[in-house]
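**Student:** I have a structure here, written as structure tokens, and I will follow up with some questions on it.
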Amino acid sequence: MSILNPLPARMPEMSDEITQSQAHFNRFLDQLKAMGDKIVGPTGAKGSRERAEGFRYLIALMAAAQELEMEVDRTRPRLTRMFTPMRSFIADGTDTLYHEAKLDAACSYECMVRRGEDLFFSIVVYASDDEGMREMISFLIDEHIDFDTDQIATIHISAQRPKGAKNWLELKGREPFVLTRQYFPESVLDVDDGRYREATMSIRCVDPVPGPGPYRTEDLAAGLDRIVTFMHDTVDAALGISAFVALNTIEYEQDEASPTRIGTDGGLMLDEERHDEYTPDEIVDMIDPKVVANNLPGPGIGYVGASFKLADDEAILIAGKDVPCRYWSCQLFNHFLQSGDYRYHTVSLNNRQVRFDDDGSFRIYASRENPGVENWLDTEGHRRGQVVLRTLLAETDMEPELSVIKIADIPRGESLP
């Protein structure tokens, strides 16, 4: 005897009509397809590897956007970790934890911070003006925050400073949010493994807030729109900054032809590197300068870097001199401003990890494989990308010299003992 219910005599027919929720979701999928056009467009990927990385990058952005955008509640904010080793975008640092919370300029908030074992802590309020330009509204860095003896601080975030508030951040502008940065002596992998203690943080709205209502179709539509806006803005910023940085591209001095291959059918194989169809200046003309200006500058943070083009028998040479500062690092990024995969590759070194000469000078090499030097970064075989030096509270500008050399020309004195 069967325990299964018998099938209905006739299965119901599928209707050609769709619900509003499905319509919103279908529109979202269409917008994702349009976003993919940017990955393969003039400012986007070259070669099969970059295209694969580009579409993987879109998935990482979608994963981030679900937390950072779709589920936000500005009256009930929470500090959400922005980046992870598998979720990288807009040139995040491998030694830095970033947390974000969306706010409402009409509300007032309290942020509780118990400082961790970091090298540097900052908290910044960002907002946009009427033209959509994002700017820092207010910020505090660790040395200006009044912590108690247990390294705990209450930071008020509001339009007006509350009476008696020791720590206050001004809140104004369109779509404001707060961003915290914690720099560590080593990778955030070591923080995640418990080697360093990160800050304990919470944020709450101090105004009366009604309880959340039921989730509606309108909420779904608005959340999906926020995901799309976030992804478009982030992709535009990455490609825009890459285009601008490409105006300063380092490559080996000798002129070499770009490798182009013909397929067995006589056609060009687009999965291989190919000649640029546009000059760097033409690429820059395609970019809205606003997307570059909106790349979340931080208090006390300076950047210097260049794009690189590299062959397998070449290495990037980053030569410079140490500068008095709280922290500096040298890091590699791909074309989409994603950090290299620091779970398995050394893609960043900071001033506590670099070997210096007696006079404070240093030389860092970046290549496909370690040529036997101590200060080495792994390009993971990328033939192009970005190399960036980031300084924090530097007393003087760092002025490194960036070049591409043949691995065979690395002096023997650079080799590991």
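For the structure tokens, the naming scheme is as follows: chains receive sequential letters (A, B, ...) according to their order of presentation, residues are indexed from 1 within each chain, and ligands are indexed from 1 in presentation order.
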When you look at Val347 in chain A with a cut-off of 8 Å (counting only C-alpha atoms), what residues show up, excluding the ones that are within fewer than 5 positions of it in the same chain? I need them as a PyMOL selection string.

**Tutor:** chain A and resi 331-332+339-342+377-379

**Student:** Which residues, written as a list in words, have at least one atom at most 8 Å from His382 in chain A, with only C-alpha atoms counted and residues fewer than 2 positions away on the same chain left out?

**Tutor:**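 These residues fall inside the cut-off: Leu310, Asn334, Arg368, Thr379, Glu380, Arg384 and Gly385 of chain A.
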
**Student:** Using C-alpha atoms, can you write the selected residues to a file as a PDB file, in the first residue's frame?

**Tutor:**
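Output file out06.pdb is given in full below:
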```pdb
ATOM      1  CA  LEU A 310      55.101  42.164 -16.832  1.00  0.00           C
ATOM      2  CA  ASN A 334      44.517  43.017 -10.090  1.00  0.00           C
ATOM      3  CA  ARG A 368      55.682  35.167 -10.828  1.00  0.00           C
ATOM      4  CA  THR A 379      52.153  38.436  -8.769  1.00  0.00           C
ATOM      5  CA  GLU A 380      50.354  35.080  -9.109  1.00  0.00           C
ATOM      6  CA  ARG A 384      49.237  43.451 -15.538  1.00  0.00           C
ATOM      7  CA  GLY A 385      47.804  45.009 -12.412  1.00  0.00           C
TER       8      GLY A 385
END
```

**Student:** At what distance in Å, to one decimal, does CA of Arg87 in chain A lie from CA of Ser138 in chain A?

**Tutor:**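 These two atoms are separated by 27.1 Å.
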
**Student:** Env of Arg383 in chain A: 8 Å cut, atoms = only C-alpha atoms, seq-sep filter 5 positions within chain, self excluded. Answer as a PyMOL selection string.

**Tutor:** chain A and resi 308-312

**Student:** For the residues in the current selection, export C-alpha atoms as a JSON list (two decimals), in the first residue's frame.

**Tutor:**
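After the write, out.json holds the following:
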```json
[["chain", "number", "residue", "atom", "x", "y", "z"],
["A", 308, "PHE", "CA", 52.50, 47.40, -14.38],
["A", 309, "LYS", "CA", 52.96, 45.20, -17.43],
["A", 310, "LEU", "CA", 55.10, 42.16, -16.83],
["A", 311, "ALA", "CA", 56.49, 39.14, -18.67],
["A", 312, "ASP", "CA", 57.29, 35.84, -16.99]]
```

**Student:** Which residues of range 353-397 of chain A have any atom within 8 Å of an atom in range 320-329 of chain A when counting only C-alpha atoms, and what is the closest pair of atoms for each, with the distance in Å to one decimal? Order the rows by chain and rising number and write it as a Markdown table.

**Tutor:**
```
| residue | atom | partner | partner_atom | distance |
| --- | --- | --- | --- | --- |
| A:Gly360 | CA | A:Asp322 | CA | 5.4 |
| A:Ser361 | CA | A:Lys321 | CA | 4.0 |
| A:Phe362 | CA | A:Gly320 | CA | 5.6 |
| A:Arg363 | CA | A:Gly320 | CA | 6.7 |
| A:Leu389 | CA | A:Ser329 | CA | 5.5 |
| A:Arg390 | CA | A:Ser329 | CA | 5.3 |
| A:Thr391 | CA | A:Trp328 | CA | 4.2 |
| A:Leu392 | CA | A:Tyr327 | CA | 5.2 |
| A:Leu393 | CA | A:Cys325 | CA | 5.3 |
| A:Ala394 | CA | A:Cys325 | CA | 4.0 |
| A:Glu395 | CA | A:Pro324 | CA | 5.6 |
| A:Thr396 | CA | A:Val323 | CA | 6.5 |
| A:Asp397 | CA | A:Val323 | CA | 7.5 |
```

**Student:** Find the distance between CA of Asp95 in chain A and CA of Phe120 in chain A and write it in Å to one decimal.

**Tutor:** 10.9 Å
